[in-house]
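Engineer: Got a structure for you, final_34.csv, holding CSV, C-alpha atoms.
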chain,number,residue,atom,x,y,z
A,217,MET,CA,0.0,0.0,0.0
A,218,THR,CA,2.7,2.5,1.0
A,219,SER,CA,4.7,1.9,-2.2
A,220,SER,CA,2.1,3.9,-4.2
A,221,LEU,CA,1.9,6.9,-2.0
A,222,ALA,CA,1.4,10.2,-3.7
A,223,PHE,CA,2.0,13.4,-1.8
A,224,THR,CA,0.0,16.5,-2.2
A,225,SER,CA,-0.2,19.3,0.5
A,226,VAL,CA,-1.8,19.7,3.8
A,227,GLY,CA,-3.8,22.7,2.5
A,228,ASN,CA,-6.1,24.3,5.0
A,229,ARG,CA,-7.3,21.1,6.7
A,230,PHE,CA,-6.2,22.4,10.1
A,231,ALA,CA,-8.8,20.5,12.2
A,232,GLU,CA,-7.7,17.2,10.6
A,233,ALA,CA,-4.1,18.1,11.0
A,234,SER,CA,-4.6,19.0,14.6
A,235,ALA,CA,-6.4,15.8,15.4
A,236,LEU,CA,-3.7,13.7,13.6
A,237,ILE,CA,-1.0,15.4,15.6
A,238,ALA,CA,-2.8,14.6,18.9
A,239,GLN,CA,-3.2,10.9,17.8
A,240,SER,CA,0.3,10.5,16.5
A,241,TRP,CA,2.3,12.4,19.2
A,242,VAL,CA,0.9,10.5,22.1
A,243,GLU,CA,3.9,8.2,22.1
A,244,ASN,CA,6.4,11.0,22.3
A,245,LYS,CA,8.6,11.2,25.3
A,246,ASP,CA,7.3,14.4,26.8
A,247,GLN,CA,3.9,16.2,26.6
A,248,THR,CA,3.8,18.6,23.8
A,249,LEU,CA,1.7,21.7,23.3
A,250,ASP,CA,-1.9,21.2,22.0
A,251,TYR,CA,-1.5,22.4,18.5
A,252,ASN,CA,-5.2,23.3,18.0
A,253,PRO,CA,-6.7,24.2,14.6
A,254,ASP,CA,-6.5,27.9,15.2
A,255,PHE,CA,-2.9,27.7,16.2
A,256,LEU,CA,-2.1,25.8,13.0
A,257,GLN,CA,-4.1,28.2,10.9
A,258,SER,CA,-2.2,31.1,12.5
A,259,SER,CA,1.1,29.3,11.8
A,260,TYR,CA,0.2,29.0,8.1
A,261,GLU,CA,-0.5,32.7,8.0
A,262,TYR,CA,3.2,33.3,8.6
A,263,PRO,CA,4.4,35.7,5.8
A,264,GLY,CA,5.8,34.0,2.8
A,265,THR,CA,4.5,30.5,3.7
A,266,ASP,CA,4.1,28.4,0.6
A,267,PRO,CA,1.5,25.6,1.2
A,268,GLU,CA,3.3,23.4,-1.4
A,269,LEU,CA,6.1,23.1,1.0
A,270,SER,CA,3.9,21.1,3.5
A,271,PRO,CA,3.6,17.8,1.8
A,272,ALA,CA,0.8,15.5,3.0
A,273,LEU,CA,-0.4,12.0,2.4
A,274,TYR,CA,-4.1,11.3,2.0
A,275,GLU,CA,-5.8,7.9,1.9
A,276,GLY,CA,-9.5,7.8,0.8
A,277,GLY,CA,-9.6,11.6,1.3
A,278,GLU,CA,-8.3,11.3,4.9
A,279,LEU,CA,-5.2,13.0,6.0
A,280,ARG,CA,-2.7,10.4,7.1
A,281,ALA,CA,0.7,12.1,7.3
A,282,PHE,CA,2.2,15.5,6.8
A,283,VAL,CA,5.1,17.8,7.6
A,284,SER,CA,4.8,21.6,7.6
A,285,GLY,CA,7.4,24.0,6.1
A,286,PHE,CA,7.7,27.6,7.0
A,287,PRO,CA,10.3,30.1,5.7
A,288,ARG,CA,13.0,31.5,7.9
A,289,ARG,CA,15.8,33.9,6.9
A,290,VAL,CA,18.9,33.6,8.9
A,291,VAL,CA,22.5,34.8,8.9
A,292,LEU,CA,25.0,32.0,9.4
A,293,GLN,CA,28.6,33.0,9.9
A,294,GLY,CA,28.1,36.2,7.9
A,295,ARG,CA,26.1,34.6,5.0
A,296,GLU,CA,22.4,35.2,4.6
A,297,LEU,CA,20.5,32.0,4.0
A,298,LYS,CA,16.9,31.1,3.3
A,299,LEU,CA,16.0,28.1,5.4
A,300,LEU,CA,12.8,26.0,5.5
A,301,LEU,CA,11.7,25.2,9.0
A,302,LEU,CA,10.3,21.7,9.1
A,303,THR,CA,7.8,21.1,11.9
A,304,PHE,CA,4.6,19.3,12.9
A,305,PHE,CA,6.1,16.1,11.5
A,306,THR,CA,3.2,13.7,11.9
A,307,VAL,CA,2.4,10.1,10.7
A,308,ALA,CA,-0.8,8.2,11.6
A,309,PRO,CA,0.0,5.6,14.3
A,310,ASP,CA,-0.8,2.6,12.1
A,311,LEU,CA,1.5,3.9,9.3
A,312,LYS,CA,4.5,4.3,11.5
A,313,GLY,CA,7.5,2.1,10.8
A,314,LYS,CA,6.5,1.7,7.1
A,315,GLY,CA,8.8,4.3,5.7
A,316,VAL,CA,6.1,6.9,5.2
A,317,GLY,CA,7.7,9.4,7.5
A,318,THR,CA,11.0,9.0,5.7
A,319,ARG,CA,9.4,9.6,2.4
A,320,ILE,CA,7.4,12.6,3.4
A,321,TRP,CA,10.3,14.2,5.1
A,322,ALA,CA,12.5,13.7,2.0
A,323,GLU,CA,9.7,15.0,-0.2
A,324,CYS,CA,9.6,18.2,1.9
A,325,LEU,CA,13.4,18.7,1.6
A,326,SER,CA,13.3,18.1,-2.1
A,327,ARG,CA,10.5,20.6,-2.6
A,328,ALA,CA,12.4,23.2,-0.5
A,329,ARG,CA,15.5,22.7,-2.7
A,330,GLU,CA,13.5,23.1,-5.9
A,331,ALA,CA,11.9,26.2,-4.5
A,332,GLY,CA,15.3,27.9,-4.0
A,333,TYR,CA,15.9,27.4,-0.3
A,334,ASP,CA,19.5,27.1,0.9
A,335,GLY,CA,18.7,24.5,3.5
A,336,ALA,CA,16.4,23.5,6.3
A,337,ILE,CA,16.2,23.6,10.1
A,338,HIS,CA,14.2,21.3,12.4
A,339,TYR,CA,14.0,20.3,16.0
A,340,CYS,CA,13.5,17.0,17.7
A,341,VAL,CA,12.8,16.4,21.4
A,342,ASP,CA,15.6,14.4,23.0
A,343,GLY,CA,14.8,10.7,23.0
A,344,ASN,CA,12.1,10.8,20.3
A,345,LYS,CA,12.4,8.5,17.2
A,346,SER,CA,12.2,11.5,14.9
A,347,ASN,CA,15.9,12.3,15.7
A,348,HIS,CA,16.8,9.2,13.7
A,349,VAL,CA,14.0,9.3,11.1
A,350,THR,CA,14.7,12.8,9.9
A,351,VAL,CA,18.4,12.4,9.6
A,352,ARG,CA,18.0,9.1,7.7
A,353,ALA,CA,15.3,10.7,5.5
A,354,ALA,CA,17.8,13.4,4.4
A,355,GLN,CA,20.4,10.7,3.6
A,356,THR,CA,17.9,9.0,1.2
A,357,ILE,CA,18.2,12.0,-1.1
A,358,GLY,CA,21.9,12.5,-0.6
A,359,LEU,CA,21.7,15.3,2.0
A,360,GLU,CA,23.2,15.5,5.4
A,361,SER,CA,21.4,16.7,8.5
A,362,ARG,CA,23.6,17.6,11.4
A,363,ARG,CA,22.8,18.4,15.0
A,364,VAL,CA,24.1,21.9,15.7
A,365,PHE,CA,22.6,22.7,19.1
A,366,THR,CA,20.8,21.3,22.1
A,367,VAL,CA,18.3,23.5,23.7
A,368,GLN,CA,17.5,23.2,27.4
A,369,TYR,CA,14.6,25.0,29.0
A,370,LEU,CA,13.9,26.9,32.2
A,371,MET,CA,10.4,26.4,33.6
A,372,ARG,CA,8.3,27.8,36.4
A,373,LEU,CA,4.9,27.1,37.7
A,374,LEU,CA,2.6,30.2,37.8
A,375,ARG,CA,-0.4,31.1,39.8
A,376,PRO,CA,-3.1,31.7,37.2
A,377,GLY,CA,-5.9,34.1,37.5
A,378,GLY,CA,-4.0,37.1,38.9
A,379,ALA,CA,-3.7,38.9,35.6
A,380,LYS,CA,-3.3,42.6,35.6
A,381,LYS,CA,-4.7,44.5,32.6
A,382,PRO,CA,-1.9,44.6,30.1
A,383,ALA,CA,-0.5,47.9,29.1
A,384,ILE,CA,-1.7,49.0,25.7
A,385,ASP,CA,1.4,49.4,23.6
A,386,SER,CA,1.3,50.9,20.2
A,387,GLU,CA,1.8,48.2,17.5
A,388,ALA,CA,4.2,50.6,15.7
A,389,GLY,CA,6.3,51.1,18.8
A,390,LEU,CA,6.3,47.3,19.6
A,391,HIS,CA,7.3,46.4,16.1
A,392,ALA,CA,10.0,49.1,15.8
A,393,THR,CA,11.5,48.0,19.1
A,394,PHE,CA,11.5,44.4,18.0
A,395,ALA,CA,13.2,45.3,14.7
A,396,GLN,CA,15.8,47.4,16.3
A,397,LEU,CA,16.7,45.0,19.1
A,398,SER,CA,16.7,41.9,17.0
A,399,ARG,CA,18.9,43.6,14.4
A,400,GLN,CA,21.4,44.6,17.1
A,401,LEU,CA,21.4,41.0,18.4
A,402,SER,CA,21.7,39.3,15.1
A,403,ALA,CA,24.8,41.4,14.2
A,404,THR,CA,26.7,39.8,17.1
A,405,LEU,CA,25.9,36.1,16.7
A,406,PRO,CA,27.2,33.3,14.4
A,407,PHE,CA,23.6,32.2,13.7
A,408,ALA,CA,20.6,34.5,14.0
A,409,ARG,CA,17.3,35.1,12.5
A,410,LEU,CA,16.6,38.1,10.2
A,411,TRP,CA,13.2,39.7,10.1
A,412,ASP,CA,11.1,41.8,7.8
A,413,GLU,CA,8.2,44.0,8.9
A,414,ALA,CA,5.5,41.5,8.0
A,415,GLU,CA,7.3,38.8,9.9
A,416,ILE,CA,7.7,41.0,13.0
A,417,ALA,CA,4.0,41.9,12.9
A,418,TRP,CA,3.1,38.2,12.8
A,419,GLU,CA,5.5,37.3,15.6
A,420,CYS,CA,4.5,40.2,17.9
A,421,THR,CA,0.8,40.7,17.2
A,422,ARG,CA,-0.9,38.3,14.7
A,423,ARG,CA,0.3,34.9,15.9
A,424,TYR,CA,-2.0,32.7,18.0
A,425,GLY,CA,-1.8,33.6,21.7
A,426,ALA,CA,0.7,36.4,21.1
A,427,MET,CA,1.9,38.0,24.3
A,428,HIS,CA,4.6,40.6,25.1
A,429,ALA,CA,6.1,43.0,27.6
A,430,LEU,CA,7.7,46.1,26.3
A,431,ASN,CA,10.1,48.7,27.6
A,432,ASP,CA,9.8,51.1,24.7
A,433,GLY,CA,12.9,51.1,22.5
A,434,GLN,CA,15.1,49.3,25.0
A,435,GLY,CA,13.7,45.9,26.0
A,436,LEU,CA,11.2,43.4,24.9
A,437,LEU,CA,10.0,39.9,25.8
A,438,THR,CA,7.6,38.1,23.5
A,439,GLY,CA,5.9,34.8,23.6
A,440,TYR,CA,2.6,33.0,23.2
A,441,ILE,CA,0.1,31.0,25.3
A,442,LEU,CA,-1.1,27.6,24.4
A,443,GLU,CA,-2.4,24.6,26.3
A,444,ASN,CA,-0.3,21.5,26.6
A,445,SER,CA,-1.5,18.1,25.5
A,446,GLY,CA,-1.7,16.5,28.9
A,447,PRO,CA,-5.0,15.4,30.4
A,448,SER,CA,-5.0,18.4,32.7
A,449,LYS,CA,-4.6,20.8,29.7
A,450,LEU,CA,-2.3,23.2,31.5
A,451,SER,CA,-2.1,26.6,30.0
A,452,VAL,CA,1.6,27.3,29.0
A,453,LEU,CA,3.3,30.6,28.4
A,454,PHE,CA,6.1,29.9,26.0
A,455,ILE,CA,8.6,32.8,26.1
A,456,GLU,CA,10.2,33.2,22.7
A,457,HIS,CA,12.3,36.3,22.3
A,458,ILE,CA,14.4,37.9,25.0
A,459,LEU,CA,15.6,41.2,23.6
A,460,TRP,CA,16.9,43.1,26.6
A,461,ASP,CA,20.6,43.3,26.4
A,462,GLY,CA,20.5,47.1,26.8
A,463,LEU,CA,18.6,47.0,30.1
A,464,ASP,CA,20.0,46.8,33.6
A,465,GLU,CA,18.8,44.1,36.0
A,466,ALA,CA,16.0,46.1,37.6
A,467,PRO,CA,14.1,46.9,34.4
A,468,ARG,CA,14.7,43.4,33.1
A,469,ALA,CA,13.0,42.1,36.2
A,470,GLU,CA,10.2,44.5,35.7
A,471,LEU,CA,9.8,43.3,32.1
A,472,LEU,CA,9.6,39.7,33.1
A,473,THR,CA,7.1,40.5,35.9
A,474,GLU,CA,5.0,42.4,33.4
A,475,LEU,CA,5.0,39.5,30.9
A,476,LEU,CA,4.1,37.0,33.6
A,477,ASP,CA,1.3,39.3,34.8
A,478,ASN,CA,0.0,39.7,31.3
A,479,ALA,CA,-0.1,35.9,30.9
A,480,GLY,CA,-2.9,35.7,33.5
A,481,SER,CA,-4.3,32.4,32.5
A,482,ALA,CA,-1.0,30.6,32.2
A,483,GLU,CA,-0.1,27.9,34.8
A,484,VAL,CA,3.4,27.2,33.5
A,485,ALA,CA,6.0,29.4,31.9
A,486,VAL,CA,8.7,27.9,29.7
A,487,VAL,CA,11.7,29.6,28.1
A,488,PRO,CA,14.4,28.0,25.9
A,489,LEU,CA,18.1,28.5,26.6
A,490,TRP,CA,19.6,29.5,23.3
A,491,GLY,CA,22.6,31.2,25.0
A,492,TYR,CA,22.1,34.6,23.4
A,493,SER,CA,20.9,36.4,26.5
A,494,ASP,CA,21.7,36.5,30.1
A,495,MET,CA,19.1,34.4,31.9
A,496,GLY,CA,20.0,35.4,35.5
A,497,ILE,CA,16.7,37.3,35.9
A,498,PHE,CA,14.8,34.1,35.1
A,499,ARG,CA,16.8,32.2,37.7
A,500,LYS,CA,16.1,34.9,40.3
A,501,ALA,CA,12.4,34.7,39.4
A,502,ARG,CA,12.5,31.0,40.4
A,503,PHE,CA,12.7,29.4,37.0
A,504,ARG,CA,14.3,26.0,37.2
A,505,LEU,CA,16.0,23.8,34.6
A,506,SER,CA,13.6,21.5,32.9
A,507,THR,CA,14.1,17.8,32.1
A,508,ARG,CA,13.1,18.5,28.6
A,509,MET,CA,15.8,18.9,25.9
A,510,LEU,CA,15.5,19.7,22.2
A,511,HIS,CA,18.0,19.1,19.5
A,512,ALA,CA,18.4,21.5,16.6
A,513,TYR,CA,19.4,20.1,13.2
A,514,LEU,CA,20.6,21.9,10.0
A,515,THR,CA,20.4,20.5,6.5
A,516,LEU,CA,22.5,22.5,4.0
A,517,TRP,CA,22.7,22.0,0.3
A,518,ASN,CA,24.0,25.1,-1.4
A,519,GLY,CA,27.7,24.7,-0.7
A,520,MET,CA,27.6,26.1,2.8
A,521,ALA,CA,29.9,24.2,5.1
A,522,PHE,CA,28.4,22.9,8.3
A,523,PRO,CA,29.3,25.0,11.3
A,524,ASP,CA,30.6,23.5,14.5
A,525,LEU,CA,28.1,23.3,17.3
A,526,LEU,CA,26.5,26.7,17.3
A,527,THR,CA,26.6,28.5,20.6
A,528,PRO,CA,24.6,30.7,20.9
A,529,MET,CA,21.8,30.7,18.4
A,530,TYR,CA,19.0,33.2,17.9
A,531,ILE,CA,16.1,31.4,16.4
A,532,ASP,CA,12.7,30.3,17.4
A,533,VAL,CA,11.6,26.8,18.6
A,534,PHE,CA,8.5,25.6,16.7
B,52,MET,CA,20.6,23.5,56.4
B,53,ASN,CA,18.0,20.8,56.5
B,54,THR,CA,16.0,20.1,59.7
B,55,ASN,CA,15.3,16.4,59.0
B,56,THR,CA,16.0,13.7,61.5
B,57,ALA,CA,17.8,10.7,60.2
B,58,LEU,CA,15.9,8.5,57.9
B,59,SER,CA,16.8,4.9,57.2
B,60,THR,CA,17.8,4.3,53.5
B,61,SER,CA,14.8,2.0,53.0
B,62,GLN,CA,12.4,4.5,54.6
B,63,LEU,CA,13.8,7.3,52.5
B,64,GLU,CA,13.4,5.3,49.4
B,65,GLU,CA,9.8,4.4,50.2
B,66,ASP,CA,9.0,8.1,51.0
B,67,LEU,CA,10.6,9.1,47.7
B,68,ARG,CA,8.7,6.4,45.8
B,69,CYS,CA,5.4,7.8,47.1
B,70,LEU,CA,6.4,11.3,46.2
B,71,VAL,CA,7.5,10.4,42.7
B,72,ALA,CA,4.3,8.4,42.1
B,73,GLU,CA,2.1,11.2,43.5
B,74,THR,CA,3.7,14.1,41.7
B,75,GLY,CA,4.6,12.1,38.5
B,76,GLY,CA,1.1,10.6,38.2
B,77,ILE,CA,2.3,7.0,38.0
B,78,ALA,CA,1.6,3.9,40.0
B,79,PRO,CA,3.9,3.5,43.0
B,80,ALA,CA,5.1,-0.1,42.1
B,81,PHE,CA,7.7,1.0,39.6
B,82,ASP,CA,11.2,-0.4,39.1
B,83,PRO,CA,13.8,1.5,41.2
B,84,LYS,CA,16.1,1.4,38.2
B,85,ALA,CA,13.6,2.7,35.7
B,86,HIS,CA,14.3,6.1,34.1
B,87,PHE,CA,11.7,8.6,35.3
B,88,TYR,CA,11.5,10.4,32.0
B,89,ASP,CA,12.5,7.9,29.3
B,90,GLU,CA,10.9,4.8,30.7
B,91,LEU,CA,8.2,5.9,33.2
B,92,GLY,CA,7.1,8.8,31.0
B,93,ILE,CA,7.0,11.5,33.7
B,94,PRO,CA,6.6,14.7,31.8
B,95,SER,CA,8.7,17.8,32.4
B,96,VAL,CA,5.9,19.7,34.2
B,97,LYS,CA,5.4,16.9,36.6
B,98,ALA,CA,9.1,16.7,37.1
B,99,LEU,CA,9.1,20.3,38.2
B,100,HIS,CA,6.3,19.4,40.7
B,101,LEU,CA,8.6,16.7,42.0
B,102,LEU,CA,11.5,19.1,42.4
B,103,TYR,CA,9.3,21.6,44.4
B,104,ALA,CA,7.9,18.7,46.5
B,105,LEU,CA,11.4,17.5,47.4
B,106,GLU,CA,12.5,20.9,48.5
B,107,ASP,CA,9.4,21.5,50.5
B,108,LYS,CA,9.2,18.1,52.2
B,109,TYR,CA,12.9,17.9,53.1
B,110,ASN,CA,13.6,21.6,53.5
B,111,VAL,CA,16.6,21.4,51.2
B,112,HIS,CA,17.8,23.2,48.1
B,113,VAL,CA,18.3,20.8,45.2
B,114,GLU,CA,20.5,21.9,42.4
B,115,ASP,CA,18.7,21.7,39.0
B,116,GLN,CA,21.4,19.7,37.3
B,117,GLU,CA,21.7,17.2,40.1
B,118,PHE,CA,18.0,16.8,40.1
B,119,ILE,CA,17.9,16.1,36.3
B,120,GLN,CA,20.7,13.5,36.7
B,121,ALA,CA,18.9,11.8,39.5
B,122,ASN,CA,16.5,10.2,37.1
B,123,THR,CA,15.8,6.8,38.8
B,124,LEU,CA,14.5,6.1,42.2
B,125,GLU,CA,17.9,4.7,43.2
B,126,SER,CA,19.8,7.7,42.1
B,127,LEU,CA,17.2,10.1,43.6
B,128,ARG,CA,17.6,8.3,46.9
B,129,ALA,CA,21.4,8.6,46.7
B,130,MET,CA,21.2,12.3,45.9
B,131,MET,CA,18.7,13.0,48.8
B,132,SER,CA,20.7,10.9,51.2
B,133,HIS,CA,23.7,13.1,50.5
B,134,LEU,CA,21.7,16.3,50.8
B,135,LEU,CA,20.2,15.1,54.1
B,136,GLU,CA,23.5,14.2,55.7
B,137,PRO,CA,24.3,16.3,58.7
B,138,GLY,CA,26.3,19.4,57.8
B,139,ASN,CA,24.8,19.8,54.3
Spell out the structure here as structure tokens.
Structural biologist:
Amino acid sequence: MTSSLAFTSVGNRFAEASALIAQSWVENKDQTLDYNPDFLQSSYEYPGTDPELSPALYEGGELRAFVSGFPRRVVLQGRELKLLLLTFFTVAPDLKGKGVGTRIWAECLSRAREAGYDGAIHYCVDGNKSNHVTVRAAQTIGLESRRVFTVQYLMRLLRPGGAKKPAIDSEAGLHATFAQLSRQLSATLPFARLWDEAEIAWECTRRYGAMHALNDGQGLLTGYILENSGPSKLSVLFIEHILWDGLDEAPRAELLTELLDNAGSAEVAVVPLWGYSDMGIFRKARFRLSTRMLHAYLTLWNGMAFPDLLTPMYIDVF
Amino acid sequence: MNTNTALSTSQLEEDLRCLVAETGGIAPAFDPKAHFYDELGIPSVKALHLLYALEDKYNVHVEDQEFIQANTLESLRAMMSHLLEPGN
């Protein structure tokens, strides 16, 4: 049956995709976030997303496997690259172990190459089978995927319900601060994201569950809120961008307090350790090292040499 | 400094077994050599609850890295035994 698979694209079937993720990812080592249909739709609204770069397998009209691809522009050791972020890698439980995941992953990489991308980036939770499947899949089409970073997390339990009314920041000020601070940061790092205005607007404002705390022109924390996939459906604040290098300790602490206050419904806060920012304030705010670890992989095909382990990296986890 | 009176090794292990089962949401009859996260499937949020519970119950500070490495009941018991030694 699986020898005659034909891949199309996931299209806008977000409810089906969300349900399939929930079924397929149950066996993963750690609880994941609950990627609900609205979150997936919001993800596909990311500027420049090409739906053809999300190959999917259907059987009898039913979605059975897919992977999502989203564009990322980065600078790697001084060279600007267009990478495809591969994420939401999902295979129906009864199709696992039959080579479907390998083929769909390879298909996604092939489409990215044809579409003019320089490479791809993806993440796998430590201990999950996808660490092997994805690397092997790249090998089947003559590409190499190499682990370049391992992300640890800090985590803290929150007391939900005590939300203050968030300050109303102007979108223009928010976006301008993000642009300025992320540009400054990216200029100092061996691997960093690059942003245009539309991407910043999505990241700060339009994405599902978007949340931020802003010290105008000088510091910014952004993140989003989503439930996790556990039976208790904990609401999780995922802190994404820490852009506060120009701030002293006291205003950093104020910014973090403001973000946690804004995330009134959240019961857990999580922040990845990419190494690009001092995380002392998080430690002082009683964040603890999590048992969860994530591996970052690069796949490069346009003559770019693989870097050694990248420390630090400025990129988003997805 | 902790304020615990001396616990026997077996008593400590049984106390920890109960604590791991309760905070980790698993049945208490688990293998003392089983990996909490890879084999018993305790998710990271519940591991954080376990860390808090250890510090509260035994009135000690547990270093994050040590806690993460103490990923079986046996290794957790060894870590806590050390932390509960007089003078720590």
Engineer: Could you list, as a list in words, the residues of chain A having an atom within 10 Å of chain B when counting all atoms listed in the file?
Structural biologist: Glu243, Asn244, Lys245, Asp246, Gln247, Thr248, Asp342, Gly343, Asn344, Tyr369, Leu370, Met371, Arg372, Leu373, Asn444, Gly446, Leu450, Val484, Ala485, Val486, Phe503, Arg504, Leu505, Ser506, Thr507, Arg508 and Met509 of chain A
Engineer: Quote the spacing between atom CA of His338 of chain A and atom CA of Gly519 of chain A in Å to one decimal place.
Structural biologist: 19.1 Å
Engineer: Excluding Gly335 of chain A and residues on its chain fewer than 2 positions from it, collect all residues at most 10 Å away from it, counting all atoms listed in the file, and give them as JSON, numbers by chain.
Structural biologist: {"A": [297, 298, 299, 300, 301, 325, 328, 329, 332, 333, 337, 359, 361, 514, 515, 516, 517, 518, 519, 520]}
Engineer: Excluding segment 410-421 of chain A and its own-chain neighbours fewer than 2 positions away, which residues fall within 8 Å of it when counting all atoms listed in the file? Please give them as a PDB file with C-alpha atoms, in the frame of the given file.
Structural biologist:
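Below is the file part.pdb, written as the result:
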ATOM      1  CA  TYR A 262       3.200  33.300   8.600  1.00  0.00           C
ATOM      2  CA  PRO A 263       4.400  35.700   5.800  1.00  0.00           C
ATOM      3  CA  ARG A 288      13.000  31.500   7.900  1.00  0.00           C
ATOM      4  CA  ARG A 289      15.800  33.900   6.900  1.00  0.00           C
ATOM      5  CA  VAL A 290      18.900  33.600   8.900  1.00  0.00           C
ATOM      6  CA  VAL A 291      22.500  34.800   8.900  1.00  0.00           C
ATOM      7  CA  GLU A 387       1.800  48.200  17.500  1.00  0.00           C
ATOM      8  CA  LEU A 390       6.300  47.300  19.600  1.00  0.00           C
ATOM      9  CA  HIS A 391       7.300  46.400  16.100  1.00  0.00           C
ATOM     10  CA  PHE A 394      11.500  44.400  18.000  1.00  0.00           C
ATOM     11  CA  ALA A 395      13.200  45.300  14.700  1.00  0.00           C
ATOM     12  CA  SER A 398      16.700  41.900  17.000  1.00  0.00           C
ATOM     13  CA  ARG A 399      18.900  43.600  14.400  1.00  0.00           C
ATOM     14  CA  SER A 402      21.700  39.300  15.100  1.00  0.00           C
ATOM     15  CA  ALA A 408      20.600  34.500  14.000  1.00  0.00           C
ATOM     16  CA  ARG A 423       0.300  34.900  15.900  1.00  0.00           C
ATOM     17  CA  ALA A 426       0.700  36.400  21.100  1.00  0.00           C
ATOM     18  CA  MET A 427       1.900  38.000  24.300  1.00  0.00           C
ATOM     19  CA  HIS A 428       4.600  40.600  25.100  1.00  0.00           C
ATOM     20  CA  THR A 438       7.600  38.100  23.500  1.00  0.00           C
ATOM     21  CA  GLY A 439       5.900  34.800  23.600  1.00  0.00           C
TER      22      GLY A 439
END
Engineer: Quick one, how far is atom CA of Tyr109 of chain B from atom CA of Val487 of chain A?
Structural biologist: 27.6 Å
Engineer: Give me, please, the distance in Å between atom CA of Met131 of chain B and atom CA of Cys69 of chain B, quoted to one decimal.
Structural biologist: 14.4 Å
Engineer: Since the input lacks some atoms of segment 408-420 of chain A, please model N, CA and C atoms and print them as a PDB file, in the coordinates of the input.
Structural biologist:
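Resulting contents of result_35.pdb:
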ATOM      1  N   ALA A 408      21.748  33.647  13.435  1.00  0.00           N
ATOM      2  CA  ALA A 408      20.600  34.500  14.000  1.00  0.00           C
ATOM      3  C   ALA A 408      19.566  34.659  12.912  1.00  0.00           C
ATOM      4  N   ARG A 409      18.367  34.845  13.384  1.00  0.00           N
ATOM      5  CA  ARG A 409      17.300  35.100  12.500  1.00  0.00           C
ATOM      6  C   ARG A 409      17.313  36.544  11.972  1.00  0.00           C
ATOM      7  N   LEU A 410      16.767  36.725  10.775  1.00  0.00           N
ATOM      8  CA  LEU A 410      16.600  38.100  10.200  1.00  0.00           C
ATOM      9  C   LEU A 410      15.066  38.236  10.011  1.00  0.00           C
ATOM     10  N   TRP A 411      14.632  39.459  10.137  1.00  0.00           N
ATOM     11  CA  TRP A 411      13.200  39.700  10.100  1.00  0.00           C
ATOM     12  C   TRP A 411      12.839  40.835   9.156  1.00  0.00           C
ATOM     13  N   ASP A 412      11.679  40.694   8.490  1.00  0.00           N
ATOM     14  CA  ASP A 412      11.100  41.800   7.800  1.00  0.00           C
ATOM     15  C   ASP A 412       9.887  42.315   8.567  1.00  0.00           C
ATOM     16  N   GLU A 413       9.307  43.401   8.103  1.00  0.00           N
ATOM     17  CA  GLU A 413       8.200  44.000   8.900  1.00  0.00           C
ATOM     18  C   GLU A 413       7.017  43.085   9.023  1.00  0.00           C
ATOM     19  N   ALA A 414       6.685  42.387   7.940  1.00  0.00           N
ATOM     20  CA  ALA A 414       5.500  41.500   8.000  1.00  0.00           C
ATOM     21  C   ALA A 414       5.754  40.357   9.000  1.00  0.00           C
ATOM     22  N   GLU A 415       6.971  39.844   9.008  1.00  0.00           N
ATOM     23  CA  GLU A 415       7.300  38.800   9.900  1.00  0.00           C
ATOM     24  C   GLU A 415       7.219  39.252  11.396  1.00  0.00           C
ATOM     25  N   ILE A 416       7.711  40.458  11.600  1.00  0.00           N
ATOM     26  CA  ILE A 416       7.700  41.000  13.000  1.00  0.00           C
ATOM     27  C   ILE A 416       6.221  41.209  13.410  1.00  0.00           C
ATOM     28  N   ALA A 417       5.391  41.696  12.502  1.00  0.00           N
ATOM     29  CA  ALA A 417       4.000  41.900  12.900  1.00  0.00           C
ATOM     30  C   ALA A 417       3.322  40.575  13.226  1.00  0.00           C
ATOM     31  N   TRP A 418       3.648  39.527  12.473  1.00  0.00           N
ATOM     32  CA  TRP A 418       3.100  38.200  12.800  1.00  0.00           C
ATOM     33  C   TRP A 418       3.588  37.746  14.156  1.00  0.00           C
ATOM     34  N   GLU A 419       4.864  37.854  14.361  1.00  0.00           N
ATOM     35  CA  GLU A 419       5.500  37.300  15.600  1.00  0.00           C
ATOM     36  C   GLU A 419       4.946  38.051  16.827  1.00  0.00           C
ATOM     37  N   CYS A 420       4.844  39.365  16.743  1.00  0.00           N
ATOM     38  CA  CYS A 420       4.500  40.200  17.900  1.00  0.00           C
ATOM     39  C   CYS A 420       2.980  40.264  18.130  1.00  0.00           C
TER      40      CYS A 420
END
